[in-house]
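Novice: Contents of start_15.cif (mmCIF, C-alpha atoms and all ligand atoms) are below:
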```
data_entry
#
loop_
_atom_site.group_PDB
_atom_site.id
_atom_site.type_symbol
_atom_site.label_atom_id
_atom_site.label_comp_id
_atom_site.auth_asym_id
_atom_site.auth_seq_id
_atom_site.Cartn_x
_atom_site.Cartn_y
_atom_site.Cartn_z
ATOM 1 C CA MET A 425 31.893 -45.199 -51.131
ATOM 2 C CA ILE A 426 28.903 -46.014 -53.349
ATOM 3 C CA PRO A 427 26.284 -43.285 -52.739
ATOM 4 C CA VAL A 428 22.936 -44.235 -51.202
ATOM 5 C CA LEU A 429 19.722 -42.211 -51.025
ATOM 6 C CA THR A 430 17.371 -43.605 -48.383
ATOM 7 C CA ILE A 431 13.659 -42.875 -48.522
ATOM 8 C CA ASP A 432 11.794 -44.001 -45.420
ATOM 9 C CA GLY A 433 8.234 -43.402 -44.354
ATOM 10 C CA PRO A 434 4.866 -45.022 -43.644
ATOM 11 C CA SER A 435 2.812 -47.114 -46.097
ATOM 12 C CA GLY A 436 1.385 -45.220 -49.029
ATOM 13 C CA ALA A 437 3.461 -42.034 -48.609
ATOM 14 C CA GLY A 438 4.532 -42.395 -52.240
ATOM 15 C CA LYS A 439 8.001 -43.813 -51.573
ATOM 16 C CA GLY A 440 7.781 -46.492 -54.262
ATOM 17 C CA THR A 441 6.703 -44.199 -57.101
ATOM 18 C CA VAL A 442 9.154 -41.455 -56.177
ATOM 19 C CA SER A 443 12.092 -43.825 -55.546
ATOM 20 C CA ARG A 444 11.668 -45.590 -58.887
ATOM 21 C CA VAL A 445 11.631 -42.321 -60.854
ATOM 22 C CA ILE A 446 14.631 -40.912 -58.984
ATOM 23 C CA ALA A 447 16.606 -44.149 -59.408
ATOM 24 C CA LYS A 448 15.869 -44.074 -63.130
ATOM 25 C CA GLN A 449 16.832 -40.411 -63.491
ATOM 26 C CA LEU A 450 20.099 -40.907 -61.634
ATOM 27 C CA GLY A 451 20.785 -44.263 -63.299
ATOM 28 C CA TRP A 452 21.062 -45.845 -59.829
ATOM 29 C CA HIS A 453 19.821 -49.201 -58.552
ATOM 30 C CA TYR A 454 16.584 -49.440 -56.613
ATOM 31 C CA LEU A 455 15.807 -51.449 -53.487
ATOM 32 C CA ASP A 456 12.166 -51.944 -52.513
ATOM 33 C CA SER A 457 12.923 -53.401 -49.069
ATOM 34 C CA GLY A 458 9.234 -53.920 -48.261
ATOM 35 C CA SER A 459 9.058 -56.533 -51.002
ATOM 36 C CA ILE A 460 11.566 -58.669 -49.099
ATOM 37 C CA TYR A 461 9.337 -58.753 -46.003
ATOM 38 C CA ARG A 462 6.318 -59.272 -48.241
ATOM 39 C CA ALA A 463 7.993 -62.228 -49.976
ATOM 40 C CA LEU A 464 8.958 -63.730 -46.632
ATOM 41 C CA SER A 465 5.372 -63.615 -45.403
ATOM 42 C CA ILE A 466 4.193 -65.242 -48.649
ATOM 43 C CA ALA A 467 6.790 -67.991 -48.188
ATOM 44 C CA CYS A 468 5.558 -68.607 -44.629
ATOM 45 C CA LEU A 469 1.926 -68.805 -45.682
ATOM 46 C CA GLN A 470 2.775 -71.121 -48.592
ATOM 47 C CA GLN A 471 4.462 -73.434 -46.127
ATOM 48 C CA LYS A 472 1.587 -73.125 -43.642
ATOM 49 C CA ILE A 473 3.782 -71.476 -41.015
ATOM 50 C CA ASP A 474 2.038 -69.551 -38.248
ATOM 51 C CA LEU A 475 3.254 -65.934 -38.616
ATOM 52 C CA ASN A 476 3.025 -65.505 -34.875
ATOM 53 C CA ASN A 477 5.533 -68.310 -34.299
ATOM 54 C CA PRO A 478 8.892 -66.452 -34.552
ATOM 55 C CA LYS A 479 11.021 -69.625 -34.460
ATOM 56 C CA GLU A 480 9.389 -71.029 -37.580
ATOM 57 C CA VAL A 481 9.388 -67.674 -39.405
ATOM 58 C CA ILE A 482 13.119 -67.237 -38.644
ATOM 59 C CA LYS A 483 13.849 -70.648 -40.246
ATOM 60 C CA ILE A 484 12.077 -69.598 -43.432
ATOM 61 C CA ALA A 485 13.861 -66.205 -43.475
ATOM 62 C CA ALA A 486 17.199 -68.010 -43.425
ATOM 63 C CA THR A 487 16.382 -70.110 -46.472
ATOM 64 C CA ILE A 488 14.326 -68.000 -48.901
ATOM 65 C CA GLN A 489 15.781 -67.319 -52.343
ATOM 66 C CA LEU A 490 14.654 -64.093 -53.977
ATOM 67 C CA GLU A 491 15.177 -62.733 -57.489
ATOM 68 C CA PHE A 492 14.183 -59.218 -58.530
ATOM 69 C CA LYS A 493 13.882 -58.044 -62.119
ATOM 70 C CA GLY A 494 12.696 -54.857 -63.825
ATOM 71 C CA ASP A 495 12.401 -51.257 -62.639
ATOM 72 C CA ASN A 496 8.803 -50.163 -62.996
ATOM 73 C CA GLU A 497 6.831 -53.371 -62.974
ATOM 74 C CA LEU A 498 8.900 -55.295 -60.503
ATOM 75 C CA LYS A 499 9.025 -59.055 -61.123
ATOM 76 C CA VAL A 500 9.756 -61.063 -58.021
ATOM 77 C CA LYS A 501 10.536 -64.748 -57.835
ATOM 78 C CA LEU A 502 10.411 -66.624 -54.551
ATOM 79 C CA ASN A 503 12.287 -69.939 -54.550
ATOM 80 C CA GLY A 504 12.082 -69.833 -58.361
ATOM 81 C CA ILE A 505 8.342 -69.113 -58.586
ATOM 82 C CA ASP A 506 6.870 -65.792 -59.788
ATOM 83 C CA ILE A 507 4.969 -64.032 -56.967
ATOM 84 C CA SER A 508 4.729 -60.582 -58.630
ATOM 85 C CA LYS A 509 0.924 -60.479 -58.411
ATOM 86 C CA GLN A 510 0.558 -61.669 -54.834
ATOM 87 C CA ILE A 511 3.305 -59.382 -53.553
ATOM 88 C CA GLY A 512 1.272 -56.228 -54.236
ATOM 89 C CA LEU A 513 -1.855 -57.274 -52.348
ATOM 90 C CA GLU A 514 -2.962 -55.413 -49.203
ATOM 91 C CA THR A 515 -3.204 -58.710 -47.326
ATOM 92 C CA THR A 516 0.479 -59.273 -48.131
ATOM 93 C CA ALA A 517 1.383 -55.813 -46.757
ATOM 94 C CA ASN A 518 -0.366 -56.753 -43.515
ATOM 95 C CA THR A 519 1.311 -60.147 -43.169
ATOM 96 C CA ALA A 520 4.673 -58.509 -44.038
ATOM 97 C CA SER A 521 4.374 -56.136 -41.102
ATOM 98 C CA ILE A 522 3.865 -59.112 -38.753
ATOM 99 C CA VAL A 523 7.045 -60.953 -39.814
ATOM 100 C CA ALA A 524 8.951 -57.637 -39.999
ATOM 101 C CA ALA A 525 8.478 -57.150 -36.258
ATOM 102 C CA ILE A 526 10.665 -60.193 -35.434
ATOM 103 C CA PRO A 527 14.177 -58.891 -34.566
ATOM 104 C CA GLU A 528 16.082 -62.007 -35.793
ATOM 105 C CA VAL A 529 14.250 -61.832 -39.128
ATOM 106 C CA ARG A 530 15.472 -58.260 -39.595
ATOM 107 C CA THR A 531 19.056 -59.293 -38.832
ATOM 108 C CA ILE A 532 18.923 -62.209 -41.283
ATOM 109 C CA LEU A 533 17.583 -59.972 -44.051
ATOM 110 C CA LEU A 534 20.181 -57.204 -43.562
ATOM 111 C CA GLN A 535 22.729 -58.711 -45.934
ATOM 112 C CA LYS A 536 20.162 -59.288 -48.694
ATOM 113 C CA GLN A 537 19.356 -55.560 -48.540
ATOM 114 C CA ARG A 538 22.945 -54.299 -48.282
ATOM 115 C CA ALA A 539 23.895 -56.355 -51.355
ATOM 116 C CA PHE A 540 21.902 -53.836 -53.424
ATOM 117 C CA GLN A 541 24.526 -51.137 -52.770
ATOM 118 C CA GLN A 542 26.269 -51.387 -56.131
ATOM 119 C CA PRO A 543 27.870 -48.751 -58.410
ATOM 120 C CA PRO A 544 26.934 -46.157 -59.477
ATOM 121 C CA GLY A 545 24.487 -45.745 -56.554
ATOM 122 C CA LEU A 546 21.345 -46.936 -54.794
ATOM 123 C CA VAL A 547 17.935 -45.553 -53.935
ATOM 124 C CA ALA A 548 16.611 -47.593 -50.983
ATOM 125 C CA ASP A 549 12.961 -47.397 -49.962
ATOM 126 C CA GLY A 550 11.573 -48.729 -46.655
ATOM 127 C CA ARG A 551 11.139 -48.035 -42.963
ATOM 128 C CA ASP A 552 14.663 -48.326 -41.562
ATOM 129 C CA MET A 553 16.873 -47.621 -44.566
ATOM 130 C CA GLY A 554 18.380 -44.435 -43.078
ATOM 131 C CA THR A 555 18.269 -45.524 -39.433
ATOM 132 C CA VAL A 556 19.639 -49.086 -39.637
ATOM 133 C CA VAL A 557 20.344 -50.703 -43.006
ATOM 134 C CA PHE A 558 22.248 -47.798 -44.606
ATOM 135 C CA LEU A 559 23.012 -45.795 -41.487
ATOM 136 C CA THR A 560 25.934 -43.982 -43.135
ATOM 137 C CA ALA A 561 24.013 -43.072 -46.336
ATOM 138 C CA GLU A 562 24.898 -39.673 -47.760
ATOM 139 C CA HIS A 563 21.331 -38.602 -48.471
ATOM 140 C CA LYS A 564 18.302 -39.408 -46.317
ATOM 141 C CA VAL A 565 14.655 -38.506 -46.786
ATOM 142 C CA TYR A 566 11.634 -39.141 -44.567
ATOM 143 C CA LEU A 567 8.513 -39.035 -46.712
ATOM 144 C CA THR A 568 5.096 -38.997 -45.100
ATOM 145 C CA ALA A 569 1.454 -37.892 -45.631
ATOM 146 C CA SER A 570 -1.748 -38.040 -43.595
ATOM 147 C CA ALA A 571 -3.231 -41.538 -43.116
ATOM 148 C CA GLU A 572 -6.348 -40.598 -45.085
ATOM 149 C CA ILE A 573 -4.442 -39.328 -48.081
ATOM 150 C CA ARG A 574 -2.199 -42.378 -48.039
ATOM 151 C CA ALA A 575 -5.227 -44.683 -47.922
ATOM 152 C CA LYS A 576 -6.870 -42.842 -50.831
ATOM 153 C CA ARG A 577 -3.717 -43.183 -52.922
ATOM 154 C CA ARG A 578 -3.484 -46.897 -52.157
ATOM 155 C CA TYR A 579 -7.151 -47.319 -53.022
ATOM 156 C CA LYS A 580 -6.647 -45.647 -56.423
ATOM 157 C CA GLN A 581 -3.558 -47.751 -57.159
ATOM 158 C CA LEU A 582 -5.440 -50.972 -56.397
ATOM 159 C CA ILE A 583 -8.474 -50.011 -58.482
ATOM 160 C CA LYS A 584 -6.161 -49.075 -61.370
ATOM 161 C CA LYS A 585 -4.588 -52.518 -61.178
ATOM 162 C CA GLY A 586 -8.077 -54.052 -61.310
ATOM 163 C CA ILE A 587 -7.885 -55.202 -57.682
ATOM 164 C CA ASP A 588 -11.089 -54.943 -55.636
ATOM 165 C CA ALA A 589 -10.668 -52.437 -52.753
ATOM 166 C CA ASN A 590 -12.580 -50.828 -49.876
ATOM 167 C CA LEU A 591 -11.415 -47.383 -48.690
ATOM 168 C CA THR A 592 -12.529 -47.635 -45.047
ATOM 169 C CA LYS A 593 -10.873 -51.021 -44.728
ATOM 170 C CA ILE A 594 -7.655 -49.622 -46.229
ATOM 171 C CA ILE A 595 -7.620 -46.660 -43.785
ATOM 172 C CA ASN A 596 -8.036 -49.051 -40.839
ATOM 173 C CA GLU A 597 -5.332 -51.373 -42.139
ATOM 174 C CA ILE A 598 -2.898 -48.516 -42.787
ATOM 175 C CA GLN A 599 -3.414 -47.227 -39.248
ATOM 176 C CA ALA A 600 -2.880 -50.708 -37.789
ATOM 177 C CA ARG A 601 0.293 -51.115 -39.871
ATOM 178 C CA ASP A 602 1.577 -47.650 -38.854
ATOM 179 C CA LYS A 603 1.091 -48.634 -35.234
ATOM 180 C CA ARG A 604 2.915 -51.964 -35.638
ATOM 181 C CA ASP A 605 5.748 -50.343 -37.611
ATOM 182 C CA THR A 606 6.318 -47.394 -35.247
ATOM 183 C CA GLU A 607 5.859 -49.249 -31.983
ATOM 184 C CA ARG A 608 7.962 -52.348 -32.623
ATOM 185 C CA LYS A 609 11.163 -52.638 -30.568
ATOM 186 C CA THR A 610 13.599 -53.376 -33.402
ATOM 187 C CA ALA A 611 14.156 -50.848 -36.178
ATOM 188 C CA PRO A 612 10.844 -49.013 -35.735
ATOM 189 C CA LEU A 613 9.745 -46.584 -38.409
ATOM 190 C CA ALA A 614 11.385 -43.282 -37.471
ATOM 191 C CA LYS A 615 12.925 -40.249 -39.127
ATOM 192 C CA ALA A 616 16.717 -40.404 -39.176
ATOM 193 C CA THR A 617 18.018 -37.312 -37.374
ATOM 194 C CA ASN A 618 19.769 -36.055 -40.513
ATOM 195 C CA ALA A 619 16.904 -36.852 -42.924
ATOM 196 C CA LEU A 620 14.996 -34.287 -44.972
ATOM 197 C CA TYR A 621 11.361 -34.334 -43.725
ATOM 198 C CA LEU A 622 8.803 -34.142 -46.515
ATOM 199 C CA ASP A 623 5.024 -34.217 -46.095
ATOM 200 C CA SER A 624 3.562 -35.156 -49.472
ATOM 201 C CA SER A 625 -0.113 -34.611 -48.484
ATOM 202 C CA ASP A 626 -0.407 -31.515 -50.666
ATOM 203 C CA LEU A 627 2.343 -32.282 -53.168
ATOM 204 C CA SER A 628 2.249 -34.126 -56.468
ATOM 205 C CA ALA A 629 4.727 -36.929 -57.132
ATOM 206 C CA THR A 630 6.557 -34.597 -59.541
ATOM 207 C CA GLN A 631 6.928 -31.936 -56.826
ATOM 208 C CA VAL A 632 8.260 -34.477 -54.332
ATOM 209 C CA ILE A 633 10.748 -35.798 -56.897
ATOM 210 C CA GLU A 634 11.960 -32.266 -57.628
ATOM 211 C CA LYS A 635 12.435 -31.486 -53.937
ATOM 212 C CA ILE A 636 14.431 -34.666 -53.375
ATOM 213 C CA LEU A 637 16.598 -34.142 -56.467
ATOM 214 C CA ASN A 638 17.327 -30.565 -55.354
ATOM 215 C CA PHE A 639 18.185 -31.820 -51.901
ATOM 216 C CA ILE A 640 20.733 -34.364 -53.127
ATOM 217 C CA ARG A 641 22.257 -31.931 -55.591
HETATM 218 O O1 LIG A 701 6.831 -50.831 -47.996
HETATM 219 P P1 LIG A 701 5.804 -51.919 -47.939
HETATM 220 O O2 LIG A 701 4.410 -51.440 -47.808
HETATM 221 O O3 LIG A 701 5.975 -52.903 -49.042
HETATM 222 O O4 LIG A 701 6.138 -52.715 -46.590
HETATM 223 C C1 LIG A 701 5.298 -53.709 -46.073
HETATM 224 C C2 LIG A 701 5.641 -53.904 -44.602
HETATM 225 O O5 LIG A 701 6.988 -54.414 -44.487
HETATM 226 C C3 LIG A 701 5.647 -52.629 -43.773
HETATM 227 O O6 LIG A 701 4.376 -52.317 -43.241
HETATM 228 C C4 LIG A 701 6.658 -52.922 -42.685
HETATM 229 O O7 LIG A 701 6.075 -53.604 -41.615
HETATM 230 C C5 LIG A 701 7.627 -53.869 -43.342
HETATM 231 N N1 LIG A 701 8.868 -53.203 -43.712
HETATM 232 C C6 LIG A 701 9.814 -53.032 -42.726
HETATM 233 N N2 LIG A 701 11.003 -52.471 -43.034
HETATM 234 C C7 LIG A 701 11.276 -52.056 -44.267
HETATM 235 C C8 LIG A 701 10.305 -52.194 -45.292
HETATM 236 C C9 LIG A 701 9.098 -52.762 -44.961
HETATM 237 O O8 LIG A 701 9.592 -53.391 -41.577
HETATM 238 N N3 LIG A 701 12.470 -51.548 -44.527
#
```
Just dump the structure as structure tokens.
Ligand code: C5P
Specialist:
Amino acid sequence: MIPVLTIDGPSGAGKGTVSRVIAKQLGWHYLDSGSIYRALSIACLQQKIDLNNPKEVIKIAATIQLEFKGDNELKVKLNGIDISKQIGLETTANTASIVAAIPEVRTILLQKQRAFQQPPGLVADGRDMGTVVFLTAEHKVYLTASAEIRAKRRYKQLIKKGIDANLTKIINEIQARDKRDTERKTAPLAKATNALYLDSSDLSATQVIEKILNFIR
């Protein structure tokens, strides 16, 4: 069985940064599952589909073509067109959480995610990696932090990328997204029973990485 390390948790807990470093250190593949929902919402908006119309969103989910390249600076192509810039925007995170709440969309996108399980191993980052997509994964982590700390981290990341940001707005959006992600009926954000619980509020990325590497060793 190809080993899988799942890292689930709310927005801004540091999953992306930590997962990329761990995947690199282990020489494993990396799945940023959020980018799939993000890309789907971009595809819907490009085609002027109402995100609150599940039937139309489901049709798009069944037809999107995605290509991922690179480890650190992820390059994403949607139906052959580069969407790497748009995919990282806060507005895209919000629209992603709307399409991600549609059960049929989640079922359609399961195979795309499971296809990432390739030798020698996979680090999978998301909300339901350990509870649904890779239920039998050997190693599971639930990484979280307080909403304020997560918002501050997101704010810094955006400013660093030269993207205009407003901290209060980010806190409100993160809380709204947390609510949508934890309260939805299908595959809500939750800690897998056998996952290691890590609160990164007072930990540096390096400390979190060390704890996870120790855990899987
Ligand atoms: O992880 P990221 O912030 O890119 O995810 C954006 C949104 O996509 C999340 O707020 C969540 O609604 C959705 N998502 C999900 N399941 C995943 C990954 C992301 O529902 N495995």
Novice: Could you work out an axis-aligned bounding box for all listed atoms of ligand LIG 701 (chain A), with 6 Å added on each of the six sides, and give its centre and edge lengths in Å to one decimal, as JSON?
Specialist:
```
{"center_x": 8.4, "center_y": -52.6, "center_z": -45.3, "size_x": 20.1, "size_y": 15.6, "size_z": 19.5}
```
Novice: Could you check which of A:Pro434, A:Ile587, A:Asp605, A:Asp626 is closest to Leu513 in chain A, using only C-alpha atoms?
Specialist: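 The answer is A:Ile587, which sits nearest to Leu513 in chain A.
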Novice: Name every residue that the PyMOL selection byres (((chain A and resi 596) around 12) and not hetatm) selects in this structure, writing the answer as a list in words with chains first and numbers rising.
Specialist: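 Output of the PyMOL selection byres (((chain A and resi 596) around 12) and not hetatm): Glu514, Asn518, Ala571, Glu572, Arg574, Ala575, Lys576, Asn590, Leu591, Thr592, Lys593, Ile594, Ile595, Glu597, Ile598, Gln599, Ala600, Arg601, Asp602 and Lys603 of chain A.
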Novice: Write the residues you've just listed into a file as a compact mmCIF listing (two decimals), in the coordinates of the input, and include C-alpha atoms for each of them.
Specialist:
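Saved result, result.txt, follows:
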```txt
# COMPACT_ATOMS: atom_id res chain seq x y z
CA GLU A 514 -2.96 -55.41 -49.20
CA ASN A 518 -0.37 -56.75 -43.52
CA ALA A 571 -3.23 -41.54 -43.12
CA GLU A 572 -6.35 -40.60 -45.08
CA ARG A 574 -2.20 -42.38 -48.04
CA ALA A 575 -5.23 -44.68 -47.92
CA LYS A 576 -6.87 -42.84 -50.83
CA ASN A 590 -12.58 -50.83 -49.88
CA LEU A 591 -11.42 -47.38 -48.69
CA THR A 592 -12.53 -47.64 -45.05
CA LYS A 593 -10.87 -51.02 -44.73
CA ILE A 594 -7.66 -49.62 -46.23
CA ILE A 595 -7.62 -46.66 -43.78
CA GLU A 597 -5.33 -51.37 -42.14
CA ILE A 598 -2.90 -48.52 -42.79
CA GLN A 599 -3.41 -47.23 -39.25
CA ALA A 600 -2.88 -50.71 -37.79
CA ARG A 601 0.29 -51.12 -39.87
CA ASP A 602 1.58 -47.65 -38.85
CA LYS A 603 1.09 -48.63 -35.23
```
Novice: Just the number, please: distance in Å from CA of Lys609 in chain A to CA of Val557 in chain A, one decimal.
Specialist: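 It comes out at 15.6 Å.
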Novice: Could you tell me how far CA of Phe540 in chain A lies from CA of Lys501 in chain A, in Å and to one decimal?
Specialist: 16.4 Å
Novice: Just how far from CA of Ile431 in chain A is CA of Val565 in chain A, in Å to one decimal?
Specialist: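 Result for CA of Val565 in chain A versus CA of Ile431 in chain A: 4.8 Å, one decimal.
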